[in-house]
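Q: Dumping the structure here so I can ask a few things about it.
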Amino acid sequence: MANLYETDKLLEEYLLLHFGKPEEVLPWEFGPAEALEFPARCVTERVKPVKGARALEIGCSVGRACFELSVFCDEVIGIDFSQNFISQAQELAQKKEARFSVADEGELRKELSYRLEDRFRPEKVKFEVGDATNLRRDLGDFDIVLACNLLCRVPYPQAVLQRVEELVSPGGQLVLTSPYTWMEDYTPRRFWLGGFMRGQEAIRSLDSLKKALSSSFSLDDVVDMPFLIREHGRKFQWSVAQASCWTRL
Ligand SMILES: C[S@@+](CC[C@H](N)C(=O)[O-])C[C@H]1O[C@@H](n2cnc3c(N)ncnc32)[C@H](O)[C@@H]1O
């Protein structure tokens, strides 16, 4: 399957998800406002700020969570498989602004712009293309590692879980979120972490995460996190990720 995350459609949807103003995403007084600004909330609601920390985000897309981390971290590395997303994130870090358009109705589009907020420190952030299932060996270790809505989008999520054990330093934080949308288009069924029957037993992704991580991490918190992706002016995907927050033993 062609990589959806290299398409212009996904690029504009993710730019809006990461950097859209609440009223640009949801222009009505009704609607699931608590689902807005998901990438920012993955940091502001799930990470305990540690001044001067070193942080890694795997599957960073166009980079909002990395910029949030830069508020208190002295070094942030954002890695994504999509060249398109990483180029956009690098351009934003350099120019401190982005202009993009999003689908509105049929062929009609809306022009939007975003200016990087002053509280962000883009000079602390490095974005690079990389494969979460085969990360470069010389990344070192981190006080904070984030992988948001990544696990059910890689062919072999077990490889990510094995590697995070080395990547998070003792006492460090690991934040995983996922709506567990398991699809064979992304992950062969035999590598799904959950969402299937094994004999009489329903296998749940959170239980597999506990099995894979509990020898090296303690589980601090499990929280439901809604998020909203706008497809066009009147069409949205509302999803609920499950966040699990871990401390490296
Ligand atoms: C559902 S999006 C989530 C993006 C972002 N974390 C967020 O929450 O908005 C999945 C992201 O994972 C990236 N991705 C998919 N396969 C990957 C891989 N093997 N290595 C690194 N990133 C990958 C995609 O390019 C995309 O940016």
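Ligands are numbered from 1 in the order shown, chains are lettered A, B, ... in the order of the structure tokens, and residues start at 1 in each chain.
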Would you kindly return, as number ranges by chain, each protein, DNA or RNA residue with an atom no farther than 7 Å from any atom of A:Gln242, considering only C-alpha atoms and excluding same-chain residues fewer than 4 positions away?
A: A: 177-179, 222-225
Q: Can you list, as an MDAnalysis selection string, every protein, DNA or RNA residue that comes within 6 Å of stretch 55-59 of chain A when you count only C-alpha atoms, leaving out same-chain residues fewer than 4 positions away?
A: chainID A and resid 76:80 142:147 150
Q: Could you list, as a PyMOL selection string, all protein and nucleic acid residues with an atom at most 6 Å from ligand 1, counting only C-alpha atoms and all ligand atoms?
A: chain A and resi 5+39+59-61+80-82+130-133+148-150+153-154
Q: When you look at A:Tyr180 with a cut-off of 8 Å (counting only C-alpha atoms), what residues show up, excluding the ones that are within fewer than 5 positions of it in the same chain? I need them as number ranges by chain.
A: A: 151-152, 194-195, 205, 241
Q: To test your reading of the structure, identify every residue in stretch 54-185 of chain A that backbone DSSP assigns to strand (DSSP E), and report it as a compact mmCIF listing (two decimals) with N, CA and C atoms, in the first residue's frame.
A:
```txt
# COMPACT_ATOMS: atom_id res chain seq x y z
N ARG A 54 16.05 15.42 28.27
CA ARG A 54 16.28 15.00 26.89
C ARG A 54 15.07 14.15 26.51
N ALA A 55 14.43 14.49 25.38
CA ALA A 55 13.17 13.82 25.03
C ALA A 55 13.19 13.33 23.59
N LEU A 56 12.45 12.26 23.38
CA LEU A 56 12.32 11.66 22.04
C LEU A 56 10.85 11.45 21.74
N GLU A 57 10.43 11.87 20.54
CA GLU A 57 9.10 11.48 20.10
C GLU A 57 9.22 10.61 18.86
N ILE A 58 8.63 9.41 18.94
CA ILE A 58 8.66 8.48 17.80
C ILE A 58 7.30 8.58 17.10
N CYS A 73 12.35 21.06 27.82
CA CYS A 73 13.46 20.13 27.53
C CYS A 73 14.60 20.87 26.84
N ASP A 74 15.83 20.43 27.10
CA ASP A 74 16.98 21.06 26.45
C ASP A 74 17.33 20.39 25.13
N GLU A 75 16.84 19.17 24.93
CA GLU A 75 17.05 18.51 23.64
C GLU A 75 15.84 17.65 23.32
N VAL A 76 15.30 17.82 22.12
CA VAL A 76 14.15 17.03 21.70
C VAL A 76 14.44 16.47 20.32
N ILE A 77 14.28 15.17 20.16
CA ILE A 77 14.42 14.56 18.83
C ILE A 77 13.05 14.04 18.42
N GLY A 78 12.62 14.43 17.23
CA GLY A 78 11.35 13.96 16.68
C GLY A 78 11.65 13.12 15.45
N ILE A 79 11.14 11.90 15.45
CA ILE A 79 11.41 10.98 14.33
C ILE A 79 10.09 10.54 13.71
N ASP A 80 10.05 10.55 12.39
CA ASP A 80 8.87 10.05 11.68
C ASP A 80 9.32 9.41 10.38
N GLU A 97 6.94 29.82 10.97
CA GLU A 97 5.54 29.98 10.54
C GLU A 97 5.24 28.99 9.42
N ALA A 98 3.97 28.71 9.26
CA ALA A 98 3.55 27.80 8.18
C ALA A 98 2.27 28.34 7.57
N ARG A 99 2.21 28.21 6.25
CA ARG A 99 0.96 28.53 5.55
C ARG A 99 0.49 27.25 4.88
N PHE A 100 -0.79 26.96 5.03
CA PHE A 100 -1.30 25.75 4.41
C PHE A 100 -2.78 25.92 4.14
N SER A 101 -3.33 25.03 3.29
CA SER A 101 -4.76 25.14 3.03
C SER A 101 -5.41 23.81 3.39
N VAL A 102 -6.67 23.89 3.75
CA VAL A 102 -7.39 22.67 4.13
C VAL A 102 -8.70 22.59 3.34
N ALA A 103 -9.17 21.36 3.15
CA ALA A 103 -10.43 21.15 2.42
C ALA A 103 -11.56 21.79 3.22
N ASP A 104 -12.48 22.47 2.50
CA ASP A 104 -13.61 23.08 3.20
C ASP A 104 -14.90 22.39 2.75
N GLU A 105 -15.25 22.63 1.44
CA GLU A 105 -16.46 21.99 0.90
C GLU A 105 -16.18 21.70 -0.57
N LEU A 108 -13.74 23.73 -2.67
CA LEU A 108 -13.40 24.96 -1.94
C LEU A 108 -12.42 24.65 -0.82
N ARG A 109 -11.48 25.57 -0.64
CA ARG A 109 -10.45 25.35 0.37
C ARG A 109 -10.35 26.58 1.25
N LYS A 110 -9.73 26.40 2.41
CA LYS A 110 -9.51 27.50 3.33
C LYS A 110 -8.03 27.69 3.51
N GLU A 111 -7.56 28.93 3.39
CA GLU A 111 -6.13 29.21 3.60
C GLU A 111 -5.92 29.50 5.09
N LEU A 112 -4.92 28.85 5.67
CA LEU A 112 -4.64 29.06 7.09
C LEU A 112 -3.16 29.37 7.29
N SER A 113 -2.87 30.00 8.38
CA SER A 113 -1.45 30.21 8.70
C SER A 113 -1.26 29.99 10.19
N TYR A 114 -0.03 29.66 10.53
CA TYR A 114 0.28 29.39 11.94
C TYR A 114 1.64 30.00 12.25
N ARG A 115 1.73 30.68 13.36
CA ARG A 115 3.02 31.21 13.84
C ARG A 115 3.42 30.47 15.09
N VAL A 125 14.99 21.54 19.09
CA VAL A 125 14.31 20.39 18.48
C VAL A 125 15.00 19.99 17.17
N LYS A 126 15.23 18.67 17.04
CA LYS A 126 15.75 18.15 15.76
C LYS A 126 14.75 17.14 15.21
N PHE A 127 14.38 17.33 13.94
CA PHE A 127 13.46 16.38 13.32
C PHE A 127 14.23 15.53 12.33
N GLU A 128 13.95 14.25 12.30
CA GLU A 128 14.62 13.40 11.31
C GLU A 128 13.70 12.27 10.85
N VAL A 129 13.97 11.82 9.63
CA VAL A 129 13.23 10.68 9.09
C VAL A 129 13.83 9.41 9.67
N PHE A 142 16.95 8.65 27.01
CA PHE A 142 16.10 9.84 27.16
C PHE A 142 15.36 9.83 28.50
N ASP A 143 15.08 11.02 29.00
CA ASP A 143 14.25 11.16 30.20
C ASP A 143 12.77 10.98 29.88
N ILE A 144 12.43 11.29 28.63
CA ILE A 144 11.03 11.23 28.22
C ILE A 144 10.96 10.64 26.81
N VAL A 145 10.13 9.63 26.64
CA VAL A 145 9.88 9.08 25.29
C VAL A 145 8.38 9.03 25.06
N LEU A 146 7.97 9.53 23.91
CA LEU A 146 6.55 9.58 23.54
C LEU A 146 6.34 8.80 22.25
N ALA A 147 5.29 8.02 22.20
CA ALA A 147 4.88 7.42 20.92
C ALA A 147 3.35 7.51 20.89
N CYS A 148 2.84 8.51 20.19
CA CYS A 148 1.41 8.79 20.22
C CYS A 148 0.75 8.30 18.93
N VAL A 168 14.59 4.58 27.22
CA VAL A 168 14.17 5.37 28.39
C VAL A 168 15.15 5.11 29.52
N SER A 169 15.72 6.17 30.06
CA SER A 169 16.71 5.98 31.13
C SER A 169 15.99 5.67 32.46
N PRO A 170 16.67 5.05 33.42
CA PRO A 170 16.02 4.70 34.69
C PRO A 170 15.34 5.91 35.31
N GLY A 171 14.11 5.73 35.74
CA GLY A 171 13.32 6.84 36.30
C GLY A 171 12.64 7.67 35.22
N GLY A 172 12.95 7.41 33.97
CA GLY A 172 12.39 8.20 32.87
C GLY A 172 10.95 7.82 32.55
N GLN A 173 10.31 8.70 31.78
CA GLN A 173 8.88 8.54 31.47
C GLN A 173 8.67 8.03 30.05
N LEU A 174 7.72 7.11 29.93
CA LEU A 174 7.28 6.63 28.61
C LEU A 174 5.78 6.89 28.51
N VAL A 175 5.38 7.60 27.44
CA VAL A 175 3.95 7.84 27.21
C VAL A 175 3.57 7.19 25.89
N LEU A 176 2.64 6.26 25.96
CA LEU A 176 2.12 5.61 24.75
C LEU A 176 0.65 5.97 24.62
N THR A 177 0.22 6.33 23.43
CA THR A 177 -1.23 6.45 23.23
C THR A 177 -1.58 5.69 21.96
N SER A 178 -2.78 5.15 21.94
CA SER A 178 -3.24 4.50 20.71
C SER A 178 -4.75 4.27 20.80
```
Q: As a PyMOL selection string, please: all residues of stretch 134-224 of chain A that backbone DSSP puts in helix (DSSP H, G or I).
A: chain A and resi 137-139+151-153+157-167+189-191+205-213
Q: Keeping C-alpha atoms, export the residues of the selection given above as an mmCIF file, in the first residue's frame.
A:
```
data_model
loop_
_atom_site.group_PDB
_atom_site.id
_atom_site.type_symbol
_atom_site.label_atom_id
_atom_site.label_comp_id
_atom_site.auth_asym_id
_atom_site.auth_seq_id
_atom_site.Cartn_x
_atom_site.Cartn_y
_atom_site.Cartn_z
ATOM 1 C CA ARG A 137 21.473 2.608 17.350
ATOM 2 C CA ASP A 138 23.242 5.798 18.448
ATOM 3 C CA LEU A 139 20.204 7.734 19.737
ATOM 4 C CA LEU A 151 1.705 1.420 17.535
ATOM 5 C CA CYS A 152 -1.219 0.406 15.296
ATOM 6 C CA ARG A 153 0.404 2.108 12.298
ATOM 7 C CA PRO A 157 4.819 -2.886 17.070
ATOM 8 C CA GLN A 158 6.738 -5.407 19.196
ATOM 9 C CA ALA A 159 9.991 -3.927 17.806
ATOM 10 C CA VAL A 160 9.014 -0.483 19.156
ATOM 11 C CA LEU A 161 8.231 -1.938 22.579
ATOM 12 C CA GLN A 162 11.541 -3.815 22.695
ATOM 13 C CA ARG A 163 13.528 -0.723 21.765
ATOM 14 C CA VAL A 164 11.890 1.679 24.237
ATOM 15 C CA GLU A 165 13.323 -0.387 27.064
ATOM 16 C CA GLU A 166 16.815 0.794 25.983
ATOM 17 C CA LEU A 167 15.718 4.299 25.078
ATOM 18 C CA ARG A 189 -2.723 -9.703 12.030
ATOM 19 C CA ARG A 190 -0.190 -11.980 13.705
ATOM 20 C CA PHE A 191 1.565 -8.880 15.104
ATOM 21 C CA SER A 205 -3.902 -4.301 23.568
ATOM 22 C CA LEU A 206 -3.392 -2.861 27.056
ATOM 23 C CA ASP A 207 -2.845 -6.360 28.467
ATOM 24 C CA SER A 208 -0.215 -7.032 25.785
ATOM 25 C CA LEU A 209 1.486 -3.719 26.605
ATOM 26 C CA LYS A 210 1.577 -4.744 30.285
ATOM 27 C CA LYS A 211 3.060 -8.128 29.347
ATOM 28 C CA ALA A 212 5.711 -6.579 27.111
ATOM 29 C CA LEU A 213 6.702 -3.706 29.400
#
```
Q: Rounded to one decimal place, report the atom CA of A:Trp182-atom CA of A:Tyr156 distance in Å.
A: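 It comes out at 11.6 Å.
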Q: Under the rule that only C-alpha atoms are counted, which of A:Phe227, A:Trp28, A:Phe67, A:Phe38 is the nearest residue to A:Glu123?
A: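 Comparing A:Phe227, A:Trp28, A:Phe67, A:Phe38 against A:Glu123, the winner is A:Phe67.
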Q: Rounded to one decimal in Å, what is the spacing between atom CA of A:Pro122 and atom CA of A:Val50?
A: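 So the answer is 17.6 Å.
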Q: For each of A:Met197, A:Arg64, A:Ile203, A:Lys51, take the minimum atom-to-atom distance to A:Gly20, counting only C-alpha atoms, then give the residue where this is smallest.
A: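 Closest candidate: A:Arg64.
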Q: Set the distance at 8 Å and use only C-alpha atoms: which residues neighbour A:Glu231 once local chain neighbours fewer than 5 positions away are removed? I'd like the list as a list of chain:residue names.
A: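 Listing them by chain and then by number gives A:Glu13, A:Ala103, A:Phe236, A:Gln237.
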Q: Pick from A:Ser70, A:Gln94, A:Gln88, A:Ser244: nearest to A:Leu15, with only C-alpha atoms counted?
A: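 Selected residue with least distance to A:Leu15: A:Gln88.
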Q: Excluding A:Tyr14 and its own-chain neighbours fewer than 6 positions away, which residues fall within 9 Å of it when counting only C-alpha atoms? Please give them as a PyMOL selection string.
A: chain A and resi 61-62+85+229-230
Q: For A:Asp220, which residue out of A:Trp238, A:Met183, A:Glu117, A:Lys48 is the nearest one, using only C-alpha atoms?
A: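 Among the listed residues, the smallest separation from A:Asp220 belongs to A:Lys48.
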Q: So that I can see what lies close to A:Gly31, please list as a PDB file with N, CA and C atoms, in the first residue's frame the residues with an atom at most 12 Å from it, counting only C-alpha atoms and leaving out residues fewer than 2 positions away in the same chain.
A:
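After the write, out26.pdb holds the following:
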```pdb
ATOM      1  N   PRO A  22      -8.474  26.228  17.774  1.00  0.00           N
ATOM      2  CA  PRO A  22      -9.712  25.490  18.066  1.00  0.00           C
ATOM      3  C   PRO A  22     -10.866  25.903  17.146  1.00  0.00           C
ATOM      4  N   GLU A  23     -11.014  27.219  16.888  1.00  0.00           N
ATOM      5  CA  GLU A  23     -12.160  27.674  16.074  1.00  0.00           C
ATOM      6  C   GLU A  23     -11.975  27.352  14.584  1.00  0.00           C
ATOM      7  N   VAL A  25     -10.746  24.404  13.638  1.00  0.00           N
ATOM      8  CA  VAL A  25     -11.077  22.980  13.547  1.00  0.00           C
ATOM      9  C   VAL A  25     -12.576  22.784  13.788  1.00  0.00           C
ATOM     10  N   LEU A  26     -13.103  23.467  14.784  1.00  0.00           N
ATOM     11  CA  LEU A  26     -14.494  23.261  15.222  1.00  0.00           C
ATOM     12  C   LEU A  26     -15.153  24.632  15.361  1.00  0.00           C
ATOM     13  N   PRO A  27     -15.810  25.139  14.284  1.00  0.00           N
ATOM     14  CA  PRO A  27     -16.290  26.529  14.318  1.00  0.00           C
ATOM     15  C   PRO A  27     -17.637  26.706  15.019  1.00  0.00           C
ATOM     16  N   TRP A  28     -18.154  25.659  15.676  1.00  0.00           N
ATOM     17  CA  TRP A  28     -19.457  25.778  16.332  1.00  0.00           C
ATOM     18  C   TRP A  28     -19.300  25.775  17.839  1.00  0.00           C
ATOM     19  N   GLU A  29     -20.330  26.216  18.518  1.00  0.00           N
ATOM     20  CA  GLU A  29     -20.295  26.149  19.985  1.00  0.00           C
ATOM     21  C   GLU A  29     -20.534  24.731  20.454  1.00  0.00           C
ATOM     22  N   ALA A  33     -15.318  19.627  21.972  1.00  0.00           N
ATOM     23  CA  ALA A  33     -14.190  20.549  22.144  1.00  0.00           C
ATOM     24  C   ALA A  33     -13.060  19.928  22.976  1.00  0.00           C
ATOM     25  N   GLU A  34     -13.422  18.980  23.865  1.00  0.00           N
ATOM     26  CA  GLU A  34     -12.374  18.373  24.708  1.00  0.00           C
ATOM     27  C   GLU A  34     -11.434  17.495  23.883  1.00  0.00           C
ATOM     28  N   ALA A  35     -11.813  17.234  22.606  1.00  0.00           N
ATOM     29  CA  ALA A  35     -10.962  16.386  21.755  1.00  0.00           C
ATOM     30  C   ALA A  35      -9.959  17.204  20.946  1.00  0.00           C
ATOM     31  N   LEU A  36     -10.015  18.532  21.080  1.00  0.00           N
ATOM     32  CA  LEU A  36      -9.110  19.383  20.284  1.00  0.00           C
ATOM     33  C   LEU A  36      -7.687  19.318  20.831  1.00  0.00           C
ATOM     34  N   PHE A 227      -9.619  12.513  20.522  1.00  0.00           N
ATOM     35  CA  PHE A 227      -8.983  13.420  19.560  1.00  0.00           C
ATOM     36  C   PHE A 227      -9.863  13.535  18.323  1.00  0.00           C
ATOM     37  N   LEU A 228      -9.690  14.670  17.643  1.00  0.00           N
ATOM     38  CA  LEU A 228     -10.575  15.005  16.534  1.00  0.00           C
ATOM     39  C   LEU A 228      -9.745  15.342  15.299  1.00  0.00           C
ATOM     40  N   ARG A 234     -17.251  19.899   7.275  1.00  0.00           N
ATOM     41  CA  ARG A 234     -18.390  19.288   7.964  1.00  0.00           C
ATOM     42  C   ARG A 234     -18.209  17.788   8.173  1.00  0.00           C
ATOM     43  N   LYS A 235     -16.955  17.339   8.158  1.00  0.00           N
ATOM     44  CA  LYS A 235     -16.722  15.890   8.354  1.00  0.00           C
ATOM     45  C   LYS A 235     -15.488  15.688   9.214  1.00  0.00           C
ATOM     46  N   PHE A 236     -15.686  14.892  10.269  1.00  0.00           N
ATOM     47  CA  PHE A 236     -14.633  14.714  11.274  1.00  0.00           C
ATOM     48  C   PHE A 236     -14.495  13.239  11.642  1.00  0.00           C
ATOM     49  N   GLN A 237     -13.302  12.897  12.103  1.00  0.00           N
ATOM     50  CA  GLN A 237     -13.133  11.585  12.768  1.00  0.00           C
ATOM     51  C   GLN A 237     -12.930  11.864  14.255  1.00  0.00           C
ATOM     52  N   TRP A 238     -13.825  11.364  15.071  1.00  0.00           N
ATOM     53  CA  TRP A 238     -13.684  11.502  16.528  1.00  0.00           C
ATOM     54  C   TRP A 238     -13.233  10.147  17.055  1.00  0.00           C
TER      55      TRP A 238
END
```
